[in-house]
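The file final34.cif comes next; it holds mmCIF, C-alpha atoms.
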```cif
data_work
loop_
_atom_site.label_atom_id
_atom_site.label_comp_id
_atom_site.auth_asym_id
_atom_site.auth_seq_id
_atom_site.Cartn_x
_atom_site.Cartn_y
_atom_site.Cartn_z
CA MET A 1 18.86 -1.99 -31.60
CA GLY A 2 16.57 -0.77 -28.86
CA TYR A 3 17.38 0.33 -25.35
CA VAL A 4 20.89 -1.01 -24.83
CA ILE A 5 22.84 0.04 -21.78
CA ASN A 6 25.17 2.83 -22.84
CA PHE A 7 26.39 6.23 -21.73
CA ASP A 8 23.30 8.04 -23.06
CA ASN A 9 20.91 6.00 -20.92
CA MET A 10 22.88 6.28 -17.70
CA ILE A 11 22.52 9.08 -15.22
CA LYS A 12 25.37 11.52 -15.88
CA CYS A 13 27.17 12.24 -12.59
CA PRO A 14 24.26 14.49 -11.58
CA LYS A 15 24.59 17.71 -9.70
CA LYS A 16 22.87 17.99 -6.35
CA GLU A 17 20.17 20.34 -7.69
CA GLN A 18 19.41 17.90 -10.53
CA ILE A 19 18.97 14.96 -8.19
CA PHE A 20 16.87 16.99 -5.80
CA PRO A 21 14.64 19.25 -7.92
CA MET A 22 12.91 20.65 -4.83
CA ARG A 23 14.33 23.64 -3.01
CA VAL A 24 17.11 22.55 -0.67
CA ASN A 25 17.18 23.80 2.89
CA LYS A 26 20.78 24.63 3.86
CA LYS A 27 20.21 22.86 7.14
CA TYR A 28 19.94 19.58 5.26
CA ALA A 29 22.55 20.22 2.59
CA LEU A 30 24.89 17.56 4.00
CA GLY A 31 22.25 14.83 3.69
CA TYR A 32 21.52 15.83 0.11
CA SER A 33 25.22 15.96 -0.71
CA ILE A 34 25.91 12.48 0.67
CA LEU A 35 23.21 10.93 -1.50
CA ALA A 36 24.23 12.96 -4.54
CA ILE A 37 27.85 11.84 -4.19
CA PHE A 38 26.82 8.22 -3.62
CA LEU A 39 24.66 8.13 -6.73
CA SER A 40 27.31 9.87 -8.79
CA LEU A 41 29.95 7.33 -7.76
CA THR A 42 27.52 4.52 -8.50
CA VAL A 43 27.02 5.81 -12.03
CA LEU A 44 30.72 6.40 -12.57
CA TYR A 45 31.37 2.85 -11.50
CA PHE A 46 28.94 1.43 -14.01
CA ASN A 47 29.98 3.70 -16.87
CA ARG A 48 33.54 2.39 -16.50
CA ALA A 49 32.14 -1.11 -16.88
CA TYR A 50 30.53 -0.44 -20.24
CA GLY A 51 31.74 -2.91 -22.83
CA GLY A 52 32.91 -5.48 -20.30
CA SER A 53 31.84 -7.31 -17.18
CA LEU A 54 31.08 -5.39 -14.04
CA PRO A 55 34.08 -4.96 -11.80
CA GLY A 56 33.96 -5.78 -8.12
CA LYS A 57 34.78 -8.51 -5.70
CA ARG A 58 33.61 -12.05 -6.29
CA GLY A 59 30.17 -12.63 -4.84
CA GLN A 60 29.29 -8.95 -5.01
CA ALA A 61 25.57 -8.44 -5.64
CA LYS A 62 24.79 -6.22 -8.61
CA ILE A 63 21.35 -4.62 -8.36
CA ALA A 64 19.84 -2.67 -11.26
CA VAL A 65 17.35 0.12 -10.57
CA LEU A 66 15.23 0.98 -13.64
CA LEU A 67 13.16 4.13 -13.22
CA PRO A 68 12.56 7.37 -15.14
CA THR A 69 15.15 9.65 -13.54
CA SER A 70 14.48 12.61 -15.84
CA GLY A 71 11.40 14.17 -17.37
CA LYS A 72 8.00 15.00 -15.91
CA TYR A 73 7.59 11.65 -14.12
CA SER A 74 10.99 11.72 -12.46
CA TYR A 75 9.55 13.36 -9.33
CA PHE A 76 7.88 10.06 -8.41
CA SER A 77 11.05 8.08 -9.08
CA TRP A 78 13.12 10.30 -6.83
CA GLN A 79 10.63 9.93 -4.01
CA PHE A 80 11.24 6.20 -4.27
CA LEU A 81 15.02 6.63 -4.53
CA TYR A 82 15.17 8.96 -1.52
CA GLY A 83 13.94 6.06 0.59
CA PHE A 84 15.86 3.37 -1.29
CA PHE A 85 19.20 5.11 -0.73
CA LEU A 86 18.48 6.32 2.78
CA ARG A 87 21.59 6.18 4.97
CA LYS A 88 20.66 2.92 6.71
CA ASN A 89 20.48 1.17 3.34
CA ILE A 90 23.81 2.31 1.88
CA ILE A 91 26.35 2.19 4.70
CA LYS A 92 28.32 -0.95 5.51
CA ILE A 93 27.12 -2.87 2.45
CA PRO A 94 30.27 -3.61 0.43
CA LYS A 95 28.58 -6.64 -1.15
CA ILE A 96 26.19 -4.50 -3.24
CA LYS A 97 26.88 -2.49 -6.38
CA TYR A 98 23.98 -0.51 -7.85
CA ILE A 99 23.29 0.05 -11.55
CA ILE A 100 20.98 3.05 -12.00
CA LEU A 101 19.36 3.26 -15.42
CA ASN A 102 17.05 5.98 -16.67
CA LEU A 103 14.07 4.11 -18.18
CA PRO A 104 11.46 6.58 -19.50
CA PRO A 105 7.77 5.58 -19.17
CA ARG A 106 7.48 5.46 -22.96
CA SER A 107 10.02 2.61 -23.21
CA GLY A 108 8.23 -0.38 -24.69
CA LYS A 109 8.70 -4.09 -25.25
CA SER A 110 11.80 -4.07 -27.46
CA ALA A 111 13.54 -1.45 -25.33
CA ILE A 112 12.93 -3.35 -22.10
CA ARG A 113 14.03 -6.62 -23.70
CA SER A 114 17.34 -4.97 -24.64
CA VAL A 115 17.79 -3.77 -21.06
CA PHE A 116 17.21 -7.27 -19.67
CA GLU A 117 19.59 -8.80 -22.20
CA SER A 118 22.31 -6.33 -21.25
CA LEU A 119 21.76 -6.87 -17.53
CA ARG A 120 21.92 -10.64 -17.96
CA LYS A 121 25.28 -10.28 -19.68
CA GLU A 122 26.44 -8.03 -16.85
CA ARG A 123 25.34 -10.72 -14.37
CA ALA A 124 22.96 -8.50 -12.45
CA PHE A 125 21.48 -10.31 -9.45
CA ALA A 126 18.14 -8.50 -9.45
CA ILE A 127 16.19 -5.57 -10.89
CA VAL A 128 14.12 -2.96 -9.07
CA GLY A 129 11.28 -1.48 -11.14
CA PRO A 130 9.18 -0.48 -12.90
CA LEU A 131 7.35 2.25 -11.05
CA PHE A 132 4.47 2.64 -13.52
CA PRO A 133 1.92 -0.06 -14.49
CA GLY A 134 2.31 0.28 -18.27
CA GLN A 135 5.70 -1.46 -18.28
CA VAL A 136 4.88 -4.23 -15.81
CA LYS A 137 3.82 -6.78 -18.44
CA TYR A 138 7.21 -6.51 -20.16
CA PHE A 139 9.12 -6.84 -16.90
CA GLU A 140 7.01 -9.91 -16.08
CA LEU A 141 7.73 -11.46 -19.46
CA TYR A 142 11.49 -10.87 -19.52
CA SER A 143 12.11 -11.58 -15.84
CA SER A 144 10.94 -15.14 -16.57
CA LYS A 145 12.72 -15.40 -19.91
CA PHE A 146 16.10 -14.24 -18.57
CA LYS A 147 15.54 -15.58 -15.03
CA ILE A 148 16.35 -12.27 -13.33
CA PRO A 149 14.30 -11.59 -10.18
CA VAL A 150 12.45 -8.28 -10.21
CA LEU A 151 11.08 -6.36 -7.23
CA THR A 152 8.45 -3.81 -8.22
CA PRO A 153 6.50 -1.19 -6.29
CA SER A 154 3.97 -0.94 -9.14
CA PRO A 155 0.29 -0.67 -8.07
CA VAL A 156 -0.79 -3.10 -10.82
CA VAL A 157 0.61 -6.62 -11.20
CA SER A 158 -0.56 -9.93 -12.68
CA ASN A 159 -2.02 -12.85 -10.76
CA ILE A 160 0.06 -14.39 -8.00
CA GLY A 161 2.37 -17.10 -9.32
CA ALA A 162 1.91 -16.27 -13.01
CA TYR A 163 5.48 -14.97 -13.28
CA PRO A 164 7.76 -16.63 -10.70
CA TYR A 165 10.61 -14.11 -11.04
CA MET A 166 8.38 -11.05 -10.57
CA PHE A 167 8.02 -9.97 -6.93
CA ASN A 168 5.61 -7.25 -5.86
CA TYR A 169 6.07 -5.15 -2.74
CA GLY A 170 3.95 -2.10 -3.57
CA MET A 171 0.42 -1.30 -2.50
CA THR A 172 -1.87 -2.47 -5.30
CA LEU A 173 -5.21 -1.12 -6.47
CA LYS A 174 -6.68 -4.57 -5.78
CA GLN A 175 -5.59 -4.25 -2.16
CA GLU A 176 -7.21 -0.84 -1.85
CA ILE A 177 -10.55 -2.07 -3.21
CA GLU A 178 -10.47 -5.22 -1.10
CA THR A 179 -9.72 -3.22 2.06
CA ASP A 180 -12.67 -0.90 1.40
CA LEU A 181 -15.17 -3.67 0.64
CA ARG A 182 -14.04 -5.97 3.44
CA TYR A 183 -14.61 -3.14 5.90
CA ALA A 184 -17.98 -2.35 4.31
CA ARG A 185 -19.09 -5.94 4.81
CA ARG A 186 -17.92 -6.11 8.43
CA ASN A 187 -19.75 -2.87 9.22
CA ASN A 188 -22.91 -3.50 7.22
CA ILE A 189 -22.26 -0.71 4.71
CA THR A 190 -24.37 -2.29 2.01
CA PRO A 191 -25.84 -1.73 -0.53
CA ILE A 192 -23.23 0.44 -2.24
CA THR A 193 -23.26 2.57 -5.38
CA VAL A 194 -20.08 3.10 -7.43
CA LEU A 195 -19.09 6.25 -9.31
CA TYR A 196 -16.06 5.74 -11.57
CA PRO A 197 -14.41 7.08 -14.77
CA ASP A 198 -15.36 5.36 -18.02
CA ASN A 199 -11.82 4.65 -19.20
CA ALA A 200 -9.30 1.80 -18.99
CA TYR A 201 -8.32 2.68 -15.42
CA GLY A 202 -11.91 3.05 -14.23
CA ASN A 203 -13.08 -0.14 -15.91
CA MET A 204 -10.18 -2.05 -14.34
CA ILE A 205 -11.22 -0.72 -10.91
CA ALA A 206 -14.84 -1.65 -11.62
CA GLY A 207 -13.67 -5.21 -12.36
CA TYR A 208 -11.91 -5.36 -8.99
CA ILE A 209 -15.05 -4.07 -7.30
CA ARG A 210 -17.17 -6.76 -8.94
CA HIS A 211 -14.73 -9.44 -7.80
CA PHE A 212 -14.42 -8.35 -4.19
CA SER A 213 -18.07 -7.39 -3.76
CA LYS A 214 -18.90 -10.99 -4.69
CA LYS A 215 -16.19 -12.35 -2.38
CA TYR A 216 -17.40 -10.32 0.62
CA MET A 217 -21.09 -10.41 -0.31
CA VAL A 218 -21.46 -6.64 -0.61
CA ASN A 219 -24.45 -5.65 -2.70
CA ILE A 220 -23.51 -3.15 -5.44
CA ILE A 221 -26.84 -1.77 -6.61
CA LYS A 222 -25.52 0.67 -9.21
CA TYR A 223 -22.38 1.28 -11.28
CA SER A 224 -22.41 4.82 -12.65
CA PRO A 225 -19.53 5.51 -15.09
CA TYR A 226 -18.73 9.07 -16.10
CA PRO A 227 -16.82 10.19 -19.23
CA PRO A 228 -13.27 11.34 -18.42
CA GLY A 229 -14.07 14.92 -19.45
CA THR A 230 -17.10 15.27 -17.17
CA VAL A 231 -17.34 18.47 -15.12
CA ASP A 232 -21.09 18.43 -14.32
CA PHE A 233 -22.16 15.23 -12.56
CA PHE A 234 -25.93 15.84 -12.48
CA ASP A 235 -26.62 13.02 -14.93
CA ASN A 236 -24.63 10.57 -12.79
CA PHE A 237 -26.38 11.73 -9.64
CA SER A 238 -29.77 11.36 -11.36
CA SER A 239 -28.94 7.70 -11.97
CA ILE A 240 -28.10 6.93 -8.33
CA VAL A 241 -30.66 8.99 -6.35
CA ARG A 242 -34.26 10.08 -6.90
CA PHE A 243 -34.79 13.81 -7.29
CA PRO A 244 -38.24 15.36 -6.91
CA ASP A 245 -40.24 15.27 -10.16
CA ASN A 246 -40.35 19.06 -10.47
CA PHE A 247 -36.63 19.61 -9.77
CA LYS A 248 -34.53 21.26 -12.48
CA GLU A 249 -30.76 21.12 -12.68
CA SER A 250 -29.09 24.32 -11.51
CA SER A 251 -25.68 23.16 -10.32
CA PRO A 252 -22.58 25.31 -10.43
CA ILE A 253 -19.65 23.34 -11.87
CA GLU A 254 -17.60 24.02 -8.76
CA ASN A 255 -19.57 24.57 -5.58
CA SER A 256 -16.79 26.36 -3.71
CA SER A 257 -19.21 28.28 -1.51
CA GLY A 258 -20.65 25.10 0.00
CA LYS A 259 -24.25 26.13 -0.64
CA THR A 260 -27.03 23.60 -1.25
CA SER A 261 -30.03 23.54 -3.56
CA GLY A 262 -32.44 22.89 -0.69
CA ILE A 263 -33.82 19.69 -2.23
CA LYS A 264 -34.03 16.35 -0.45
CA PRO A 265 -33.32 13.51 -2.88
CA LYS A 266 -34.18 9.94 -1.96
CA ILE A 267 -31.00 7.95 -1.34
CA LEU A 268 -31.19 4.20 -1.93
CA PHE A 269 -27.71 3.13 -0.84
CA LYS A 270 -25.75 3.02 2.42
CA GLY A 271 -22.35 3.82 0.94
CA LEU A 272 -20.94 5.58 -2.12
CA LEU A 273 -17.61 4.40 -3.54
CA ILE A 274 -15.98 7.17 -5.58
CA VAL A 275 -13.09 6.59 -7.98
CA GLY A 276 -11.25 9.45 -9.66
CA ASP A 277 -8.22 11.71 -9.66
CA THR A 278 -8.00 14.74 -7.39
CA PRO A 279 -9.63 17.26 -9.82
CA LYS A 280 -12.59 14.93 -10.35
CA LEU A 281 -12.94 14.18 -6.64
CA LYS A 282 -13.06 17.93 -6.01
CA LEU A 283 -15.95 18.39 -8.46
CA ILE A 284 -17.86 15.31 -7.30
CA LEU A 285 -17.66 16.13 -3.60
CA THR A 286 -18.67 19.78 -3.97
CA GLN A 287 -21.60 18.90 -6.25
CA LEU A 288 -22.77 16.12 -3.91
CA MET A 289 -23.10 18.78 -1.23
CA TYR A 290 -24.97 21.15 -3.53
CA TYR A 291 -27.57 18.49 -4.34
CA ASN A 292 -27.82 17.54 -0.65
CA ILE A 293 -26.72 13.96 -1.35
CA LYS A 294 -25.31 13.06 2.05
CA GLY A 295 -25.81 11.02 5.20
CA PHE A 296 -23.73 7.96 4.24
CA PRO A 297 -20.04 6.94 4.29
CA ILE A 298 -17.99 7.84 1.23
CA LEU A 299 -15.54 5.08 0.35
CA GLY A 300 -12.46 6.10 -1.59
CA LEU A 301 -8.93 5.12 -2.56
CA SER A 302 -5.58 6.43 -1.31
CA GLU A 303 -6.00 9.71 -3.23
CA PHE A 304 -8.04 10.86 -0.23
CA HIS A 305 -5.02 10.47 2.07
CA SER A 306 -3.41 13.79 1.24
CA GLU A 307 -2.91 16.61 3.72
CA LYS A 308 -3.50 19.19 1.02
CA PHE A 309 -6.65 17.48 -0.24
CA LEU A 310 -8.12 17.06 3.24
CA LYS A 311 -7.25 20.63 4.16
CA ASN A 312 -8.98 22.04 1.08
CA TYR A 313 -12.03 19.75 0.98
CA SER A 314 -12.62 18.62 4.56
CA PHE A 315 -15.78 20.73 4.55
CA TYR A 316 -17.30 18.29 2.04
CA LEU A 317 -16.12 15.10 3.77
CA HIS A 318 -18.39 14.29 6.69
CA ASN A 319 -17.59 10.58 6.80
CA ALA A 320 -14.89 9.35 4.41
CA ILE A 321 -13.23 5.93 4.56
CA PHE A 322 -10.06 5.28 2.57
CA PRO A 323 -6.92 3.04 2.62
CA ASP A 324 -3.22 3.73 2.23
CA GLY A 325 -0.01 1.76 2.52
CA PHE A 326 1.92 4.14 4.75
CA SER A 327 1.31 6.62 7.57
CA LYS A 328 4.08 8.96 8.69
CA ASN A 329 2.19 9.56 11.94
CA ASP A 330 2.21 5.94 13.10
CA ASN A 331 3.87 5.41 16.48
CA ASP A 332 5.29 2.01 15.58
CA PRO A 333 9.10 1.99 16.12
CA GLU A 334 9.77 0.97 12.50
CA VAL A 335 7.84 3.96 11.16
CA LYS A 336 9.22 6.41 13.69
CA GLU A 337 12.81 5.42 12.91
CA PHE A 338 12.26 5.71 9.17
CA VAL A 339 10.49 9.08 9.38
CA SER A 340 13.18 10.46 11.69
CA MET A 341 16.06 9.35 9.44
CA TYR A 342 14.28 10.65 6.35
CA LYS A 343 13.62 14.09 7.83
CA ASN A 344 17.16 14.33 9.19
CA ALA A 345 18.59 13.43 5.77
CA TYR A 346 16.38 15.52 3.51
CA GLY A 347 14.33 17.92 5.63
CA LEU A 348 11.18 16.48 4.05
CA SER A 349 8.35 14.24 5.15
CA PRO A 350 8.31 10.82 3.44
CA ASN A 351 5.40 9.45 1.44
CA ILE A 352 4.42 5.92 0.46
CA LEU A 353 6.88 5.79 -2.45
CA SER A 354 9.71 6.75 -0.11
CA ALA A 355 8.61 4.11 2.40
CA GLU A 356 8.36 1.38 -0.26
CA GLY A 357 11.79 2.34 -1.60
CA TYR A 358 13.22 2.14 1.91
CA ASP A 359 11.68 -1.28 2.57
CA ILE A 360 12.76 -2.74 -0.78
CA GLY A 361 16.28 -1.45 -0.16
CA ARG A 362 16.35 -3.18 3.23
CA ILE A 363 15.10 -6.47 1.77
CA LEU A 364 17.83 -6.44 -0.90
CA ARG A 365 20.48 -5.46 1.61
CA HIS A 366 19.55 -8.36 3.87
CA ILE A 367 19.49 -10.94 1.07
CA SER A 368 22.77 -9.72 -0.45
CA ARG A 369 24.81 -10.39 2.69
CA SER A 370 25.38 -14.07 2.03
CA ASN A 371 24.69 -14.72 -1.65
CA LYS A 372 27.22 -15.25 -4.42
CA GLY A 373 25.11 -15.46 -7.56
CA ARG A 374 21.75 -14.78 -9.15
CA LYS A 375 20.41 -18.28 -8.44
CA SER A 376 21.27 -18.20 -4.76
CA PHE A 377 19.94 -14.63 -4.55
CA TYR A 378 16.64 -15.78 -6.08
CA LYS A 379 16.38 -18.72 -3.68
CA ALA A 380 17.08 -16.44 -0.72
CA LEU A 381 14.37 -14.07 -1.91
CA LEU A 382 11.89 -16.94 -2.16
CA SER A 383 12.77 -18.08 1.35
CA THR A 384 11.98 -14.68 2.86
CA THR A 385 9.04 -15.71 5.03
CA SER A 386 8.22 -12.35 6.56
CA PHE A 387 9.49 -8.80 6.72
CA THR A 388 8.68 -5.84 8.96
CA GLY A 389 9.30 -2.44 7.45
CA ALA A 390 7.97 1.10 7.31
CA CYS A 391 4.88 -0.12 5.43
CA GLY A 392 3.94 -2.78 7.97
CA ILE A 393 4.35 -6.52 8.38
CA SER A 394 4.45 -8.48 5.13
CA ARG A 395 4.61 -12.20 4.41
CA LEU A 396 5.84 -13.58 1.13
CA HIS A 397 3.14 -15.65 -0.56
CA LYS A 398 4.54 -17.17 -3.76
CA ASN A 399 5.98 -14.01 -5.33
CA ARG A 400 4.06 -11.27 -3.55
CA PHE A 401 4.78 -9.58 -0.25
CA ARG A 402 1.32 -9.60 1.24
CA LYS A 403 0.59 -7.00 3.88
CA ALA A 404 -2.45 -5.29 5.26
CA LEU A 405 -3.13 -1.61 4.58
CA TYR A 406 -4.04 1.24 6.82
CA LEU A 407 -7.69 2.18 6.72
CA PHE A 408 -8.55 5.72 7.73
CA ASN A 409 -11.77 7.49 8.62
CA TYR A 410 -12.08 11.26 8.20
CA LYS A 411 -14.92 12.50 10.37
CA ASN A 412 -15.55 15.61 12.46
CA ASN A 413 -12.42 17.25 11.03
CA ARG A 414 -10.03 14.58 12.24
CA ILE A 415 -8.47 11.37 10.92
CA SER A 416 -8.77 8.17 12.91
CA VAL A 417 -7.19 4.82 12.11
CA LEU A 418 -9.70 2.02 11.59
CA GLU A 419 -7.16 -0.65 10.62
CA ASN A 420 -3.38 -0.75 11.19
CA PRO A 421 -1.04 -3.07 9.22
CA PHE A 422 1.28 -3.44 12.23
CA LYS A 423 -1.58 -4.96 14.21
CA ALA A 424 -2.67 -7.39 11.48
CA ARG A 425 -0.42 -10.19 12.69
#
```

Show me the file's structure as structure tokens.
Amino acid sequence: MGYVINFDNMIKCPKKEQIFPMRVNKKYALGYSILAIFLSLTVLYFNRAYGGSLPGKRGQAKIAVLLPTSGKYSYFSWQFLYGFFLRKNIIKIPKIKYIILNLPPRSGKSAIRSVFESLRKERAFAIVGPLFPGQVKYFELYSSKFKIPVLTPSPVVSNIGAYPYMFNYGMTLKQEIETDLRYARRNNITPITVLYPDNAYGNMIAGYIRHFSKKYMVNIIKYSPYPPGTVDFFDNFSSIVRFPDNFKESSPIENSSGKTSGIKPKILFKGLLIVGDTPKLKLILTQLMYYNIKGFPILGLSEFHSEKFLKNYSFYLHNAIFPDGFSKNDNDPEVKEFVSMYKNAYGLSPNILSAEGYDIGRILRHISRSNKGRKSFYKALLSTTSFTGACGISRLHKNRFRKALYLFNYKNNRISVLENPFKAR
């Protein structure tokens, strides 16, 4: 029958150490315990409702949260939930009841249809999810079919307006590429060469680059795809720079020593846009140094904005430009309040998933105050003109919360902010 809502799919009154798989500091045990108890009671409440309508007062908003809460991807879901259920979002809100459903990433079309059918019968006002792009198309389809509004933090969504019940709040890959290329145009970083993985993800990114390079009139002189298993990037480098005729490849796979070959290749571009996961970025950056391919800005995506990554590979980043949707070091009052509450509750620093969860929770809390049904909830969501949260200032355009991103520059061993979403008014 598919993925019907039943006891097996619900979170089972989890223990504190199951909800918080990371090591718990005793200093913050109370904060962990409060959230653990809250989630447990939420699940108990819904399990009692199985087989009948959800209990609760008339006009009470019922919000379903569909994320993988167990398995290897659950870490990301809990980062989101830490922010979503932060103290400010769960106190003094008697008009909201949460339905938390474990939806594994492998759940497909028929499973997700069953979930939506069950939630329609239970008169859920809205759904939060999915977290991962692979399930977005099914959420888009069934949100329209069953007329249940969905708020998603997914980085990949369809065109604006294509699915009127699907609302996006997350930072998207399109936004990241547009932010990079808009800055490149404004600062005359053109022409640009692109290095990207030759797979579905990389080809999707390349499509975004083609679109926005045309929009902002940035000249892309070379697209150089690399097979996903590549560890030696000499062939890619040979296609984007000119090595001396008598030069022979002699690259170590990982240039951890930071040495160079002593050659001086001819560089034909003013910027290099690199797409890849952290292991690939590590190999590409170290080998660029070895072949002495330098002297230009490196444009990247939010993978660059990692303290661990910058600490380990700052030696290879002389001028890197990259976007992100959240900065825990911002001095804006919204960010400072969120970061302070988060650290006090969990003893951890928040990330973008935590911030997006926090903001989505606040949006739902605000809308739920004065709505008595799914239709009025949907209308109230559509009438949300603007929202200021931990991720910046957003304005609802059709069904997407549009907001600017941070743009960072790593240079001379320090990060500076080139663009700030709180100042993009």

For the file shown, report as a PDB file with C-alpha atoms, in the frame of the given file the outcome of the PyMOL selection byres ((chain A and resi 274-289) around 6) at residue level.
```pdb
ATOM      1  CA  LEU A 195     -19.090   6.250  -9.310  1.00  0.00           C
ATOM      2  CA  TYR A 196     -16.060   5.740 -11.570  1.00  0.00           C
ATOM      3  CA  GLU A 254     -17.600  24.020  -8.760  1.00  0.00           C
ATOM      4  CA  ASN A 255     -19.570  24.570  -5.580  1.00  0.00           C
ATOM      5  CA  LEU A 273     -17.610   4.400  -3.540  1.00  0.00           C
ATOM      6  CA  TYR A 290     -24.970  21.150  -3.530  1.00  0.00           C
ATOM      7  CA  TYR A 291     -27.570  18.490  -4.340  1.00  0.00           C
ATOM      8  CA  ASN A 292     -27.820  17.540  -0.650  1.00  0.00           C
ATOM      9  CA  ILE A 293     -26.720  13.960  -1.350  1.00  0.00           C
ATOM     10  CA  GLY A 300     -12.460   6.100  -1.590  1.00  0.00           C
TER      11      GLY A 300
END
```

Assuming the chain letters and numbering stay as they are in my file, what does the PyMOL selection byres ((chain A and resi 377) around 12) actually select? List them as a JSON list (two decimals) with C-alpha atoms, in the coordinates of the input.
```
[["chain", "number", "residue", "atom", "x", "y", "z"],
["A", 59, "GLY", "CA", 30.17, -12.63, -4.84],
["A", 60, "GLN", "CA", 29.29, -8.95, -5.01],
["A", 61, "ALA", "CA", 25.57, -8.44, -5.64],
["A", 62, "LYS", "CA", 24.79, -6.22, -8.61],
["A", 63, "ILE", "CA", 21.35, -4.62, -8.36],
["A", 96, "ILE", "CA", 26.19, -4.50, -3.24],
["A", 123, "ARG", "CA", 25.34, -10.72, -14.37],
["A", 124, "ALA", "CA", 22.96, -8.50, -12.45],
["A", 125, "PHE", "CA", 21.48, -10.31, -9.45],
["A", 126, "ALA", "CA", 18.14, -8.50, -9.45],
["A", 127, "ILE", "CA", 16.19, -5.57, -10.89],
["A", 147, "LYS", "CA", 15.54, -15.58, -15.03],
["A", 148, "ILE", "CA", 16.35, -12.27, -13.33],
["A", 149, "PRO", "CA", 14.30, -11.59, -10.18],
["A", 150, "VAL", "CA", 12.45, -8.28, -10.21],
["A", 165, "TYR", "CA", 10.61, -14.11, -11.04],
["A", 363, "ILE", "CA", 15.10, -6.47, 1.77],
["A", 364, "LEU", "CA", 17.83, -6.44, -0.90],
["A", 365, "ARG", "CA", 20.48, -5.46, 1.61],
["A", 366, "HIS", "CA", 19.55, -8.36, 3.87],
["A", 367, "ILE", "CA", 19.49, -10.94, 1.07],
["A", 368, "SER", "CA", 22.77, -9.72, -0.45],
["A", 369, "ARG", "CA", 24.81, -10.39, 2.69],
["A", 370, "SER", "CA", 25.38, -14.07, 2.03],
["A", 371, "ASN", "CA", 24.69, -14.72, -1.65],
["A", 372, "LYS", "CA", 27.22, -15.25, -4.42],
["A", 373, "GLY", "CA", 25.11, -15.46, -7.56],
["A", 374, "ARG", "CA", 21.75, -14.78, -9.15],
["A", 375, "LYS", "CA", 20.41, -18.28, -8.44],
["A", 376, "SER", "CA", 21.27, -18.20, -4.76],
["A", 378, "TYR", "CA", 16.64, -15.78, -6.08],
["A", 379, "LYS", "CA", 16.38, -18.72, -3.68],
["A", 380, "ALA", "CA", 17.08, -16.44, -0.72],
["A", 381, "LEU", "CA", 14.37, -14.07, -1.91],
["A", 382, "LEU", "CA", 11.89, -16.94, -2.16],
["A", 383, "SER", "CA", 12.77, -18.08, 1.35],
["A", 384, "THR", "CA", 11.98, -14.68, 2.86]]
```

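One finds atom CA of A:Ser314 at 6.6 Å from atom CA of A:Asn413.
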
Expanded to explicit residues, what is the PyMOL selection byres ((chain A and resi 151) around 7) for this file, as a PDB file with C-alpha atoms, in the frame of the given file?
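Contents of the output file expr35.pdb:
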```
ATOM      1  CA  ILE A 127      16.190  -5.570 -10.890  1.00  0.00           C
ATOM      2  CA  VAL A 128      14.120  -2.960  -9.070  1.00  0.00           C
ATOM      3  CA  GLY A 129      11.280  -1.480 -11.140  1.00  0.00           C
ATOM      4  CA  PRO A 149      14.300 -11.590 -10.180  1.00  0.00           C
ATOM      5  CA  VAL A 150      12.450  -8.280 -10.210  1.00  0.00           C
ATOM      6  CA  THR A 152       8.450  -3.810  -8.220  1.00  0.00           C
ATOM      7  CA  PRO A 153       6.500  -1.190  -6.290  1.00  0.00           C
ATOM      8  CA  MET A 166       8.380 -11.050 -10.570  1.00  0.00           C
ATOM      9  CA  PHE A 167       8.020  -9.970  -6.930  1.00  0.00           C
ATOM     10  CA  ASN A 168       5.610  -7.250  -5.860  1.00  0.00           C
ATOM     11  CA  TYR A 169       6.070  -5.150  -2.740  1.00  0.00           C
TER      12      TYR A 169
END
```

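Going from atom CA of A:Gly71 to atom CA of A:Pro133 covers 17.3 Å.
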
Measuring between all atoms listed in the file, which one of A:Lys222, A:Lys109, A:Arg402, A:Lys328 shows the shortest distance to A:Lys270? A:Lys222

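The shell of residues at most 9 Å from A:Phe237, with all atoms listed in the file counted and near chain neighbours (fewer than 2 positions) removed, consists of Ser224, Phe233, Phe234, Asp235, Ser239, Ile240, Val241, Arg242, Phe243, Leu288, Tyr291 and Ile293 of chain A.
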
Within 10 Å of A:Asp180, counting only C-alpha atoms, which residues show up once you throw out same-chain ones fewer than 3 positions away? Write them as a VMD selection string, please. chain A and resid 175 to 177 183 to 185 209 212 to 213 273 299 to 301 321 to 323 407

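For the residues A:Phe139, A:Ser354, A:Leu101, A:Leu181, ranking by smallest atom-to-atom distance to A:Arg113 using only C-alpha atoms places A:Phe139 first.
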